[in-house]
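Undergrad: entry.cif is the file, holding mmCIF, C-alpha atoms:
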data_target
#
loop_
_atom_site.group_PDB
_atom_site.id
_atom_site.type_symbol
_atom_site.label_atom_id
_atom_site.label_comp_id
_atom_site.auth_asym_id
_atom_site.auth_seq_id
_atom_site.Cartn_x
_atom_site.Cartn_y
_atom_site.Cartn_z
ATOM 1 C CA MET A 1 -44.305 -6.171 8.260
ATOM 2 C CA ALA A 2 -44.583 -9.757 6.986
ATOM 3 C CA VAL A 3 -41.322 -11.219 5.681
ATOM 4 C CA ARG A 4 -40.614 -14.593 4.114
ATOM 5 C CA LEU A 5 -36.936 -15.340 4.613
ATOM 6 C CA SER A 6 -34.700 -17.866 2.850
ATOM 7 C CA PRO A 7 -31.598 -18.626 4.922
ATOM 8 C CA ARG A 8 -28.401 -20.171 3.511
ATOM 9 C CA ALA A 9 -28.932 -18.373 0.187
ATOM 10 C CA LYS A 10 -26.264 -17.139 -2.236
ATOM 11 C CA SER A 11 -26.590 -13.490 -1.232
ATOM 12 C CA ASP A 12 -28.133 -11.077 1.288
ATOM 13 C CA ARG A 13 -30.917 -9.553 -0.796
ATOM 14 C CA LEU A 14 -34.477 -8.231 -0.898
ATOM 15 C CA LEU A 15 -36.109 -10.279 -3.659
ATOM 16 C CA GLY A 16 -39.572 -8.729 -3.991
ATOM 17 C CA THR A 17 -43.068 -9.147 -2.648
ATOM 18 C CA ALA A 18 -45.254 -12.220 -2.870
ATOM 19 C CA ALA A 19 -48.634 -13.417 -1.667
ATOM 20 C CA ALA A 20 -48.360 -14.281 2.013
ATOM 21 C CA ALA A 21 -49.514 -17.584 3.472
ATOM 22 C CA ARG A 22 -52.177 -15.893 5.601
ATOM 23 C CA GLY A 23 -53.382 -13.435 2.959
ATOM 24 C CA GLY A 24 -51.984 -10.030 2.114
ATOM 25 C CA ARG A 25 -48.435 -9.719 0.804
ATOM 26 C CA ALA A 26 -45.066 -10.507 2.317
ATOM 27 C CA LEU A 27 -41.619 -9.191 1.589
ATOM 28 C CA LYS A 28 -39.313 -11.940 0.310
ATOM 29 C CA ALA A 29 -35.694 -11.780 1.358
ATOM 30 C CA SER A 30 -32.675 -14.050 1.330
ATOM 31 C CA VAL A 31 -29.605 -14.147 3.562
ATOM 32 C CA THR A 32 -26.441 -16.229 3.412
ATOM 33 C CA ALA A 33 -26.487 -16.855 7.174
ATOM 34 C CA PRO A 34 -27.796 -20.219 8.388
ATOM 35 C CA ALA A 35 -30.970 -20.411 10.481
ATOM 36 C CA ARG A 36 -29.244 -21.145 13.774
ATOM 37 C CA ASP A 37 -28.456 -19.137 16.906
ATOM 38 C CA GLY A 38 -30.510 -16.256 15.508
ATOM 39 C CA ARG A 39 -27.914 -15.610 12.824
ATOM 40 C CA ALA A 40 -30.368 -15.498 9.901
ATOM 41 C CA ASN A 41 -32.664 -13.218 11.917
ATOM 42 C CA GLU A 42 -29.829 -10.812 12.672
ATOM 43 C CA ALA A 43 -28.700 -10.887 9.035
ATOM 44 C CA LEU A 44 -32.287 -10.071 7.953
ATOM 45 C CA LEU A 45 -32.566 -7.109 10.335
ATOM 46 C CA GLN A 46 -29.174 -5.766 9.214
ATOM 47 C CA LEU A 47 -30.175 -6.230 5.571
ATOM 48 C CA LEU A 48 -33.368 -4.212 6.142
ATOM 49 C CA ALA A 49 -31.522 -1.492 8.113
ATOM 50 C CA ARG A 50 -28.982 -1.170 5.321
ATOM 51 C CA ALA A 51 -31.536 -1.257 2.502
ATOM 52 C CA TRP A 52 -33.779 1.355 4.087
ATOM 53 C CA HIS A 53 -31.173 3.538 5.832
ATOM 54 C CA LEU A 54 -32.648 2.876 9.274
ATOM 55 C CA PRO A 55 -30.904 2.501 12.621
ATOM 56 C CA ARG A 56 -30.550 -1.224 13.297
ATOM 57 C CA ARG A 57 -32.110 -0.756 16.757
ATOM 58 C CA ASN A 58 -35.392 0.380 15.144
ATOM 59 C CA LEU A 59 -35.938 -3.117 13.735
ATOM 60 C CA SER A 60 -36.911 -6.247 15.618
ATOM 61 C CA ILE A 61 -38.554 -9.595 14.992
ATOM 62 C CA VAL A 62 -41.820 -9.844 16.893
ATOM 63 C CA ALA A 63 -43.069 -13.157 15.515
ATOM 64 C CA GLY A 64 -41.694 -16.127 13.623
ATOM 65 C CA ALA A 65 -38.166 -15.983 14.987
ATOM 66 C CA ALA A 66 -37.926 -19.746 14.369
ATOM 67 C CA SER A 67 -39.993 -19.796 11.167
ATOM 68 C CA ARG A 68 -39.437 -18.716 7.575
ATOM 69 C CA ASN A 69 -42.509 -16.497 7.877
ATOM 70 C CA LYS A 70 -41.613 -13.630 10.160
ATOM 71 C CA THR A 71 -43.140 -10.429 11.400
ATOM 72 C CA VAL A 72 -40.704 -7.535 11.636
ATOM 73 C CA ARG A 73 -41.508 -4.466 13.696
ATOM 74 C CA VAL A 74 -40.185 -1.171 12.360
ATOM 75 C CA THR A 75 -40.252 1.748 14.775
ATOM 76 C CA GLY A 76 -39.878 5.445 14.013
ATOM 77 C CA ASP A 77 -41.913 8.409 12.857
ATOM 78 C CA PRO A 78 -45.016 6.709 11.322
ATOM 79 C CA GLY A 79 -45.679 9.382 8.672
ATOM 80 C CA LYS A 80 -42.132 9.341 7.329
ATOM 81 C CA LEU A 81 -41.752 5.559 7.640
ATOM 82 C CA ILE A 82 -44.933 4.712 5.766
ATOM 83 C CA ALA A 83 -44.025 7.054 2.895
ATOM 84 C CA LYS A 84 -40.457 5.810 2.729
ATOM 85 C CA LEU A 85 -41.163 2.090 3.065
ATOM 86 C CA SER A 86 -44.131 2.175 0.658
ATOM 87 C CA ALA A 87 -41.848 3.685 -1.978
ATOM 88 C CA GLU A 88 -39.059 1.190 -1.239
ATOM 89 C CA ILE A 89 -41.392 -1.799 -1.376
ATOM 90 C CA ALA A 90 -43.197 -0.523 -4.480
ATOM 91 C CA SER A 91 -39.858 -0.467 -6.288
ATOM 92 C CA LEU A 92 -39.383 -4.215 -5.653
ATOM 93 C CA PRO A 93 -40.715 -6.737 -8.195
ATOM 94 C CA GLY A 94 -43.896 -8.705 -7.475
ATOM 95 C CA LEU A 95 -43.195 -12.438 -7.445
ATOM 96 C CA MET B 1 -26.243 11.635 3.499
ATOM 97 C CA VAL B 2 -24.959 14.641 5.456
ATOM 98 C CA ARG B 3 -28.520 15.635 6.338
ATOM 99 C CA GLU B 4 -29.459 12.144 7.496
ATOM 100 C CA LEU B 5 -26.369 12.052 9.701
ATOM 101 C CA LEU B 6 -26.397 15.687 10.821
ATOM 102 C CA SER B 7 -27.156 15.064 14.495
ATOM 103 C CA LEU B 8 -24.384 12.453 14.679
ATOM 104 C CA ILE B 9 -21.946 14.839 12.972
ATOM 105 C CA ILE B 10 -22.765 17.552 15.513
ATOM 106 C CA ALA B 11 -22.255 15.100 18.383
ATOM 107 C CA ALA B 12 -18.917 13.976 16.885
ATOM 108 C CA VAL B 13 -17.684 17.558 16.637
ATOM 109 C CA ALA B 14 -18.802 18.254 20.217
ATOM 110 C CA PHE B 15 -17.103 15.061 21.433
ATOM 111 C CA CYS B 16 -13.723 15.819 19.821
ATOM 112 C CA GLY B 17 -13.988 19.561 20.412
ATOM 113 C CA SER B 18 -14.752 19.325 24.125
ATOM 114 C CA HIS B 19 -11.830 16.965 24.746
ATOM 115 C CA VAL B 20 -9.290 19.031 22.822
ATOM 116 C CA LEU B 21 -10.604 22.297 24.296
ATOM 117 C CA LEU B 22 -10.391 21.019 27.875
ATOM 118 C CA SER B 23 -7.086 19.176 27.538
ATOM 119 C CA SER B 24 -4.960 21.201 25.176
ATOM 120 C CA THR B 25 -5.963 24.874 25.027
ATOM 121 C CA TRP B 26 -5.841 27.971 27.256
ATOM 122 C CA LEU B 27 -9.129 26.812 28.796
ATOM 123 C CA ARG B 28 -7.293 24.057 30.686
ATOM 124 C CA GLY B 29 -4.954 26.480 32.432
ATOM 125 C CA SER B 30 -7.720 28.961 33.131
ATOM 126 C CA LEU B 31 -10.071 26.349 34.639
ATOM 127 C CA ARG B 32 -7.289 24.767 36.651
ATOM 128 C CA ASP B 33 -6.391 28.128 38.162
ATOM 129 C CA GLN B 34 -10.008 28.699 39.173
ATOM 130 C CA LEU B 35 -11.011 25.185 40.294
ATOM 131 C CA GLY B 36 -7.737 23.577 41.318
ATOM 132 C CA GLU B 37 -6.359 20.365 39.786
ATOM 133 C CA ARG B 38 -9.027 18.120 41.322
ATOM 134 C CA GLY B 39 -11.889 20.448 40.501
ATOM 135 C CA PHE B 40 -10.674 20.722 36.935
ATOM 136 C CA LEU B 41 -10.430 16.918 36.561
ATOM 137 C CA ALA B 42 -13.945 16.557 37.973
ATOM 138 C CA VAL B 43 -15.357 19.081 35.491
ATOM 139 C CA TYR B 44 -13.436 17.413 32.650
ATOM 140 C CA SER B 45 -14.670 13.924 33.593
ATOM 141 C CA VAL B 46 -18.324 14.905 33.957
ATOM 142 C CA THR B 47 -18.283 16.898 30.698
ATOM 143 C CA ALA B 48 -16.612 14.023 28.840
ATOM 144 C CA LEU B 49 -19.055 11.469 30.233
ATOM 145 C CA VAL B 50 -22.185 13.490 29.409
ATOM 146 C CA ILE B 51 -21.035 14.268 25.871
ATOM 147 C CA PHE B 52 -20.000 10.645 25.303
ATOM 148 C CA ALA B 53 -23.453 9.440 26.395
ATOM 149 C CA TRP B 54 -24.991 11.867 23.897
ATOM 150 C CA PHE B 55 -22.576 10.654 21.191
ATOM 151 C CA VAL B 56 -23.481 6.981 21.821
ATOM 152 C CA SER B 57 -27.212 7.685 21.633
ATOM 153 C CA ALA B 58 -26.760 9.720 18.413
ATOM 154 C CA TYR B 59 -24.829 6.775 16.940
ATOM 155 C CA ALA B 60 -27.466 4.225 17.968
ATOM 156 C CA GLY B 61 -30.182 6.356 16.358
ATOM 157 C CA ALA B 62 -28.280 7.057 13.136
ATOM 158 C CA PRO B 63 -29.410 5.552 9.826
ATOM 159 C CA THR B 64 -27.404 2.681 8.348
ATOM 160 C CA ILE B 65 -25.700 3.905 5.171
ATOM 161 C CA VAL B 66 -23.401 1.281 3.700
ATOM 162 C CA LEU B 67 -20.001 2.479 2.450
ATOM 163 C CA TRP B 68 -18.429 -0.938 1.874
ATOM 164 C CA PRO B 69 -20.006 -4.386 2.023
ATOM 165 C CA ARG B 70 -19.595 -6.670 4.963
ATOM 166 C CA GLN B 71 -17.282 -9.563 4.205
ATOM 167 C CA ARG B 72 -15.781 -12.386 6.160
ATOM 168 C CA TRP B 73 -12.397 -10.655 6.471
ATOM 169 C CA THR B 74 -13.846 -7.299 7.561
ATOM 170 C CA ALA B 75 -15.892 -9.034 10.260
ATOM 171 C CA LEU B 76 -12.805 -10.931 11.436
ATOM 172 C CA VAL B 77 -10.696 -7.782 11.929
ATOM 173 C CA PRO B 78 -12.071 -6.924 15.410
ATOM 174 C CA VAL B 79 -12.132 -10.598 16.409
ATOM 175 C CA LEU B 80 -8.378 -10.747 15.774
ATOM 176 C CA VAL B 81 -7.379 -7.211 16.865
ATOM 177 C CA MET B 82 -9.371 -7.002 20.107
ATOM 178 C CA PRO B 83 -7.202 -9.436 22.130
ATOM 179 C CA LEU B 84 -4.253 -7.064 21.678
ATOM 180 C CA ALA B 85 -6.490 -4.119 22.627
ATOM 181 C CA THR B 86 -7.766 -5.745 25.827
ATOM 182 C CA ILE B 87 -4.248 -6.824 26.872
ATOM 183 C CA LEU B 88 -3.013 -3.250 26.313
ATOM 184 C CA LEU B 89 -6.006 -1.908 28.256
ATOM 185 C CA VAL B 90 -5.403 -4.137 31.282
ATOM 186 C CA ALA B 91 -1.651 -3.488 31.162
ATOM 187 C CA GLY B 92 -2.246 0.227 30.755
ATOM 188 C CA TYR B 93 -4.363 0.479 33.875
ATOM 189 C CA SER B 94 -2.168 -1.811 35.976
ATOM 190 C CA THR B 95 1.306 -0.460 35.116
ATOM 191 C CA PRO B 96 2.698 2.793 36.571
ATOM 192 C CA ASN B 97 2.735 5.052 33.515
ATOM 193 C CA PRO B 98 4.382 8.487 33.419
ATOM 194 C CA THR B 99 2.070 9.564 30.569
ATOM 195 C CA ALA B 100 -1.117 8.926 32.592
ATOM 196 C CA VAL B 101 -2.996 11.636 34.498
ATOM 197 C CA GLY B 102 -1.316 12.316 37.858
ATOM 198 C CA MET B 103 1.397 9.682 37.305
ATOM 199 C CA GLU B 104 4.272 11.973 36.296
ATOM 200 C CA ARG B 105 6.325 10.916 39.352
ATOM 201 C CA SER B 106 6.798 7.380 38.030
ATOM 202 C CA ALA B 107 9.043 8.822 35.291
ATOM 203 C CA GLY B 108 11.744 9.173 37.972
ATOM 204 C CA ALA B 109 11.663 5.446 38.811
ATOM 205 C CA ASP B 110 14.666 3.212 38.018
ATOM 206 C CA ASP B 111 12.713 1.837 35.078
ATOM 207 C CA PRO B 112 10.408 4.572 33.740
ATOM 208 C CA ALA B 113 8.833 2.120 31.273
ATOM 209 C CA PRO B 114 8.123 -1.231 32.955
ATOM 210 C CA GLY B 115 6.311 -4.137 31.331
ATOM 211 C CA LEU B 116 4.110 -3.532 28.342
ATOM 212 C CA LEU B 117 4.888 0.202 28.267
ATOM 213 C CA ARG B 118 7.776 -0.928 26.093
ATOM 214 C CA VAL B 119 5.247 -1.973 23.472
ATOM 215 C CA THR B 120 3.747 1.532 23.557
ATOM 216 C CA ARG B 121 3.910 4.295 26.159
ATOM 217 C CA HIS B 122 0.181 4.947 25.523
ATOM 218 C CA PRO B 123 -1.374 1.489 26.026
ATOM 219 C CA VAL B 124 -4.860 2.706 26.967
ATOM 220 C CA MET B 125 -5.050 5.163 24.056
ATOM 221 C CA TRP B 126 -3.937 2.453 21.631
ATOM 222 C CA ALA B 127 -6.433 0.008 23.139
ATOM 223 C CA ILE B 128 -9.198 2.529 22.429
ATOM 224 C CA GLY B 129 -7.764 3.308 18.979
ATOM 225 C CA LEU B 130 -7.503 -0.358 17.964
ATOM 226 C CA TRP B 131 -11.010 -1.050 19.258
ATOM 227 C CA ALA B 132 -12.420 1.866 17.263
ATOM 228 C CA ILE B 133 -10.529 1.312 13.992
ATOM 229 C CA SER B 134 -11.269 -2.414 13.925
ATOM 230 C CA HIS B 135 -14.977 -1.669 14.401
ATOM 231 C CA VAL B 136 -14.981 0.830 11.516
ATOM 232 C CA VAL B 137 -13.587 -1.888 9.241
ATOM 233 C CA ALA B 138 -16.144 -4.466 10.375
ATOM 234 C CA ASN B 139 -19.220 -2.226 10.233
ATOM 235 C CA GLY B 140 -18.505 -0.360 7.014
ATOM 236 C CA ASP B 141 -21.319 2.179 7.359
ATOM 237 C CA ALA B 142 -21.150 5.980 7.437
ATOM 238 C CA ALA B 143 -22.365 6.335 11.040
ATOM 239 C CA SER B 144 -19.686 3.895 12.258
ATOM 240 C CA VAL B 145 -17.002 5.824 10.374
ATOM 241 C CA LEU B 146 -18.102 8.995 12.183
ATOM 242 C CA PHE B 147 -18.518 7.427 15.617
ATOM 243 C CA PHE B 148 -15.523 5.089 15.796
ATOM 244 C CA GLY B 149 -13.461 7.356 13.539
ATOM 245 C CA ALA B 150 -13.878 10.311 15.914
ATOM 246 C CA ILE B 151 -12.951 8.122 18.885
ATOM 247 C CA ALA B 152 -9.877 6.701 17.127
ATOM 248 C CA GLY B 153 -8.811 10.135 15.920
ATOM 249 C CA LEU B 154 -9.140 11.570 19.414
ATOM 250 C CA ALA B 155 -7.335 8.663 21.110
ATOM 251 C CA LEU B 156 -4.444 8.456 18.663
ATOM 252 C CA GLY B 157 -4.225 12.210 18.025
ATOM 253 C CA GLY B 158 -4.368 12.531 21.813
ATOM 254 C CA THR B 159 -1.152 10.516 22.184
ATOM 255 C CA VAL B 160 0.711 13.246 20.285
ATOM 256 C CA LEU B 161 -0.858 16.003 22.408
ATOM 257 C CA ILE B 162 -0.085 14.100 25.620
ATOM 258 C CA ASP B 163 3.527 13.546 24.539
ATOM 259 C CA ARG B 164 3.901 17.277 23.950
ATOM 260 C CA LYS B 165 2.557 18.119 27.416
ATOM 261 C CA LYS B 166 4.548 15.401 29.189
ATOM 262 C CA GLN B 167 7.737 16.519 27.496
ATOM 263 C CA LEU B 168 7.340 19.802 29.344
ATOM 264 C CA ALA B 169 6.069 18.272 32.598
ATOM 265 C CA LEU B 170 8.715 15.521 32.894
ATOM 266 C CA GLY B 171 11.745 17.648 32.025
ATOM 267 C CA SER B 172 14.938 15.614 32.148
ATOM 268 C CA ASN B 173 12.981 12.391 32.719
ATOM 269 C CA TRP B 174 11.299 12.669 29.324
ATOM 270 C CA PRO B 175 14.283 11.579 27.160
ATOM 271 C CA ARG B 176 14.701 8.443 29.336
ATOM 272 C CA LEU B 177 11.086 7.519 28.787
ATOM 273 C CA ALA B 178 11.106 8.418 25.086
ATOM 274 C CA GLU B 179 14.247 6.339 24.504
ATOM 275 C CA ALA B 180 12.847 3.213 26.201
ATOM 276 C CA THR B 181 9.428 3.385 24.548
ATOM 277 C CA SER B 182 7.558 4.320 21.381
ATOM 278 C CA ASN B 183 4.141 5.769 20.702
ATOM 279 C CA LEU B 184 3.432 3.395 17.781
ATOM 280 C CA PRO B 185 3.013 -0.116 19.270
ATOM 281 C CA PHE B 186 6.106 -2.334 18.895
ATOM 282 C CA ALA B 187 8.130 0.398 17.092
ATOM 283 C CA ALA B 188 10.807 0.701 19.824
ATOM 284 C CA LEU B 189 11.006 -3.094 20.142
ATOM 285 C CA ILE B 190 11.405 -3.566 16.396
ATOM 286 C CA ALA B 191 13.985 -0.783 16.243
ATOM 287 C CA GLY B 192 15.897 -2.607 19.015
ATOM 288 C CA ARG B 193 15.813 0.440 21.330
ATOM 289 C CA THR B 194 14.199 -1.561 24.088
ATOM 290 C CA ARG B 195 13.485 -5.145 25.157
ATOM 291 C CA LEU B 196 10.431 -6.769 26.663
ATOM 292 C CA ARG B 197 11.069 -8.201 30.122
ATOM 293 C CA TRP B 198 8.466 -10.896 30.577
ATOM 294 C CA ARG B 199 8.845 -10.807 34.342
ATOM 295 C CA ASP B 200 7.615 -7.179 34.306
ATOM 296 C CA VAL B 201 4.892 -7.804 31.736
ATOM 297 C CA SER B 202 3.579 -10.671 33.912
ATOM 298 C CA LEU B 203 1.542 -13.487 32.474
ATOM 299 C CA LEU B 204 -1.257 -12.471 34.827
ATOM 300 C CA ARG B 205 -1.827 -9.228 32.903
ATOM 301 C CA VAL B 206 -1.909 -11.086 29.588
ATOM 302 C CA ALA B 207 -4.319 -13.645 31.040
ATOM 303 C CA ALA B 208 -6.533 -10.906 32.505
ATOM 304 C CA GLY B 209 -6.537 -9.146 29.119
ATOM 305 C CA LEU B 210 -7.613 -12.334 27.349
ATOM 306 C CA LEU B 211 -10.263 -12.956 30.002
ATOM 307 C CA LEU B 212 -11.616 -9.442 29.429
ATOM 308 C CA TYR B 213 -11.683 -10.201 25.690
ATOM 309 C CA ALA B 214 -13.683 -13.375 26.281
ATOM 310 C CA VAL B 215 -16.152 -11.549 28.538
ATOM 311 C CA LEU B 216 -16.624 -8.712 26.033
ATOM 312 C CA TYR B 217 -17.033 -11.206 23.188
ATOM 313 C CA LEU B 218 -19.712 -13.194 24.996
ATOM 314 C CA ALA B 219 -21.443 -10.133 26.473
ATOM 315 C CA HIS B 220 -21.445 -8.195 23.176
ATOM 316 C CA PRO B 221 -25.187 -8.764 22.553
ATOM 317 C CA ILE B 222 -26.000 -7.647 26.105
ATOM 318 C CA ILE B 223 -23.739 -4.577 26.074
ATOM 319 C CA THR B 224 -24.492 -3.350 22.544
ATOM 320 C CA GLY B 225 -27.743 -5.115 21.709
ATOM 321 C CA LEU B 226 -26.027 -6.625 18.659
ATOM 322 C CA PRO B 227 -24.539 -10.100 18.305
ATOM 323 C CA ILE B 228 -21.115 -10.566 16.743
ATOM 324 C CA VAL B 229 -21.767 -11.839 13.224
ATOM 325 C CA VAL B 230 -18.987 -13.327 11.124
ATOM 326 C CA PRO B 231 -20.411 -14.258 7.695
#
Any chance you could put this one into structure tokens?

TA:
Amino acid sequence: MAVRLSPRAKSDRLLGTAAAARGGRALKASVTAPARDGRANEALLQLLARAWHLPRRNLSIVAGAASRNKTVRVTGDPGKLIAKLSAEIASLPGL
Amino acid sequence: MVRELLSLIIAAVAFCGSHVLLSSTWLRGSLRDQLGERGFLAVYSVTALVIFAWFVSAYAGAPTIVLWPRQRWTALVPVLVMPLATILLVAGYSTPNPTAVGMERSAGADDPAPGLLRVTRHPVMWAIGLWAISHVVANGDAASVLFFGAIAGLALGGTVLIDRKKQLALGSNWPRLAEATSNLPFAALIAGRTRLRWRDVSLLRVAAGLLLYAVLYLAHPIITGLPIVVP
């Protein structure tokens, strides 16, 4: 999943979806943690786990750990995950 | 929420149930008669270890359901409480304790409650309890309440069950121990029933406890896979 993350924001929040830099769409999220020592990355993964009721260990950053544009891997039962995450993401505003 | 967490709930019940069943019911006496004291302790230890491993894996695989938001103060609770827990843990394992398994004889010593036993006569149980409760506060999700809550309940409820058994096992030595100590940390000291003797506590134990704290703090990402995050 493509994510565009804003660190040092006012709140930990999923903002919506927006056109991604490399085509397709990306999830936009903000976290209060600063982008240092992996703190913003960890805050993002915890935000996603909490928002989607997933175990934190099922989420990891596979690309863009040092960039605002990240790729997050979500593991689990594909059928259930796709249905659940499509519904969650569809409920977010397009930006 | 119950359905999402069902496997963790089952593991929590098995974890608490197996401990209480093996330590505090007729099953203990029956197994000890058949297997002997050492055989019984071996069965107890293996059972506890296997079920705990299952409990940990059920917790790691449980969904994250937020009950209260993470804040700076909730995240700081374990950071501040854990030094006391690690000092109690080190002291608990390095001080002869009449309430520990197989240590009943030390209740007959001149001082039945040396060192930090005067803070609490159940230092290891309180170390586990403080660890668990502080992590419930910091995590604030339903799975953590079940996992750490069950551990805290068992550890701290266990102190009452252990006291009951030791009262019988120690006989006339029990009142001496009970008078010089308390279950609740610092209660006997605050009530003035006992005094800390720093020579018995030994600075080495305190230093080793703080060293253990530092190691656990730094190794937290390696041990648990999660860094310590204070917002």

Undergrad: Please identify every residue of chain A that has at least one atom no more than 9 Å from any atom of chain B, counting only C-alpha atoms, and report them as a ChimeraX atom specification.

TA: /A:32-33,39,42-43,46,49-58

Undergrad: Export, as a PDB file, in the frame of the given file, the selected residues with C-alpha atoms.

TA:
ATOM      1  CA  THR A  32     -26.441 -16.229   3.412  1.00  0.00           C
ATOM      2  CA  ALA A  33     -26.487 -16.855   7.174  1.00  0.00           C
ATOM      3  CA  ARG A  39     -27.914 -15.610  12.824  1.00  0.00           C
ATOM      4  CA  GLU A  42     -29.829 -10.812  12.672  1.00  0.00           C
ATOM      5  CA  ALA A  43     -28.700 -10.887   9.035  1.00  0.00           C
ATOM      6  CA  GLN A  46     -29.174  -5.766   9.214  1.00  0.00           C
ATOM      7  CA  ALA A  49     -31.522  -1.492   8.113  1.00  0.00           C
ATOM      8  CA  ARG A  50     -28.982  -1.170   5.321  1.00  0.00           C
ATOM      9  CA  ALA A  51     -31.536  -1.257   2.502  1.00  0.00           C
ATOM     10  CA  TRP A  52     -33.779   1.355   4.087  1.00  0.00           C
ATOM     11  CA  HIS A  53     -31.173   3.538   5.832  1.00  0.00           C
ATOM     12  CA  LEU A  54     -32.648   2.876   9.274  1.00  0.00           C
ATOM     13  CA  PRO A  55     -30.904   2.501  12.621  1.00  0.00           C
ATOM     14  CA  ARG A  56     -30.550  -1.224  13.297  1.00  0.00           C
ATOM     15  CA  ARG A  57     -32.110  -0.756  16.757  1.00  0.00           C
ATOM     16  CA  ASN A  58     -35.392   0.380  15.144  1.00  0.00           C
TER      17      ASN A  58
END

Undergrad: Can you pull out the residues contacting B:Ser45? Cut-off 12 Å, using only C-alpha atoms, and skip same-chain residues under 5 positions away; I want them as an NGL selection string.

TA: :B and (18-19 or 22-23 or 38-40 or 50-52 or 101)

Undergrad: Would you compute the distance between atom CA of B:Thr181 and atom CA of B:Arg205? Give it in Å to one decimal.

TA: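 Going from atom CA of B:Thr181 over to atom CA of B:Arg205 covers 18.9 Å.
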
Undergrad: Assuming the chain letters and numbering stay as they are in my file, what does the PyMOL selection byres ((chain A and resi 16-22) around 12) actually select? List them as a ChimeraX atom specification.

TA: /A:1-5,13-15,23-30,68-71,86,88-95

Undergrad: Provide the atom CA of B:Leu146 to atom CA of B:Leu8 distance in Å, to one decimal place.

TA: 7.6 Å

Undergrad: Give me the residues within 7 Å of stretch 112-128 of chain B as a ChimeraX atom specification, counting all atoms listed in the file and dropping any in the same chain fewer than 6 places off.

TA: /B:85-86,88-89,91-92,106,152,155-156,159,177,180-186,189,194,196-197,200-201

Undergrad: Apply the PyMOL selection byres ((chain B and resi 150) around 12) to the structure shown and report the selected residues as a PyMOL selection string.

TA: chain B and resi 8-17+19+52+55-56+59+128-129+132-133+136+142-149+151-158

Undergrad: What gap, in Å, lies between atom CA of B:Leu216 and atom CA of B:Val77?

TA: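 If I compute the distance from atom CA of B:Leu216 to atom CA of B:Val77, I get 15.3 Å.
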
Undergrad: Taking into account all atoms listed in the file, which residue in the set A:Pro7, A:Lys84, A:Ser67, A:Val62 is nearest to A:Leu44?

TA: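 Between A:Pro7, A:Lys84, A:Ser67, A:Val62, the residue approaching A:Leu44 most closely is A:Pro7.
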
Undergrad: Could you pull the residues within 6 Å of stretch 73-78 of chain A, counting only C-alpha atoms, minus those fewer than 2 positions along the same chain, as a PDB file with C-alpha atoms, in the coordinates of the input?

TA:
ATOM      1  CA  ASN A  58     -35.392   0.380  15.144  1.00  0.00           C
ATOM      2  CA  LEU A  59     -35.938  -3.117  13.735  1.00  0.00           C
ATOM      3  CA  SER A  60     -36.911  -6.247  15.618  1.00  0.00           C
ATOM      4  CA  LYS A  80     -42.132   9.341   7.329  1.00  0.00           C
ATOM      5  CA  LEU A  81     -41.752   5.559   7.640  1.00  0.00           C
ATOM      6  CA  ILE A  82     -44.933   4.712   5.766  1.00  0.00           C
TER       7      ILE A  82
END

Undergrad: Got a sec to resolve the PyMOL selection byres ((chain B and resi 165) around 12) on this structure and send the residues as a PyMOL selection string?

TA: chain B and resi 23-25+28+98-101+104+158-164+166-171+174

Undergrad: Which is closer to A:Gly38 than all the others in A:Gly79, A:Ala66, A:Asp12, A:Leu85, using all atoms listed in the file?

TA: A:Ala66

Undergrad: Identify which of the residues A:Val72, A:Ala83, A:Ala65, A:Ala9 lies closest to A:Asp37, counting only C-alpha atoms when measuring atom-to-atom distances.

TA: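 Smallest distance to A:Asp37 is found for A:Ala65.
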
Undergrad: Please determine, counting all atoms listed in the file, which residue among B:Arg32, B:Arg176, B:Arg3, B:Arg195 has the shortest atom-to-atom distance to B:Ala107.

TA: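 For B:Ala107, the nearest of the given residues is B:Arg176.
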
Undergrad: Quick one: stretch 48-55 of chain B with N, CA and C atoms, as a PDB file, in the first residue's frame?

TA:
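File produced: out-v4.pdb:
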ATOM      1  N   ALA B  48       3.182 -24.525  32.445  1.00  0.00           N
ATOM      2  CA  ALA B  48       3.123 -23.066  32.505  1.00  0.00           C
ATOM      3  C   ALA B  48       3.843 -22.449  31.315  1.00  0.00           C
ATOM      4  N   LEU B  49       5.003 -23.009  30.974  1.00  0.00           N
ATOM      5  CA  LEU B  49       5.808 -22.468  29.883  1.00  0.00           C
ATOM      6  C   LEU B  49       5.093 -22.610  28.535  1.00  0.00           C
ATOM      7  N   VAL B  50       4.533 -23.804  28.289  1.00  0.00           N
ATOM      8  CA  VAL B  50       3.857 -24.054  27.014  1.00  0.00           C
ATOM      9  C   VAL B  50       2.645 -23.124  26.877  1.00  0.00           C
ATOM     10  N   ILE B  51       1.855 -23.029  27.945  1.00  0.00           N
ATOM     11  CA  ILE B  51       0.648 -22.200  27.861  1.00  0.00           C
ATOM     12  C   ILE B  51       1.024 -20.723  27.746  1.00  0.00           C
ATOM     13  N   PHE B  52       2.119 -20.309  28.389  1.00  0.00           N
ATOM     14  CA  PHE B  52       2.538 -18.917  28.280  1.00  0.00           C
ATOM     15  C   PHE B  52       2.987 -18.598  26.849  1.00  0.00           C
ATOM     16  N   ALA B  53       3.693 -19.540  26.220  1.00  0.00           N
ATOM     17  CA  ALA B  53       4.120 -19.335  24.831  1.00  0.00           C
ATOM     18  C   ALA B  53       2.898 -19.161  23.931  1.00  0.00           C
ATOM     19  N   TRP B  54       1.882 -19.980  24.159  1.00  0.00           N
ATOM     20  CA  TRP B  54       0.636 -19.878  23.397  1.00  0.00           C
ATOM     21  C   TRP B  54      -0.020 -18.516  23.645  1.00  0.00           C
ATOM     22  N   PHE B  55      -0.038 -18.080  24.901  1.00  0.00           N
ATOM     23  CA  PHE B  55      -0.649 -16.812  25.287  1.00  0.00           C
ATOM     24  C   PHE B  55       0.060 -15.640  24.584  1.00  0.00           C
TER      25      PHE B  55
END
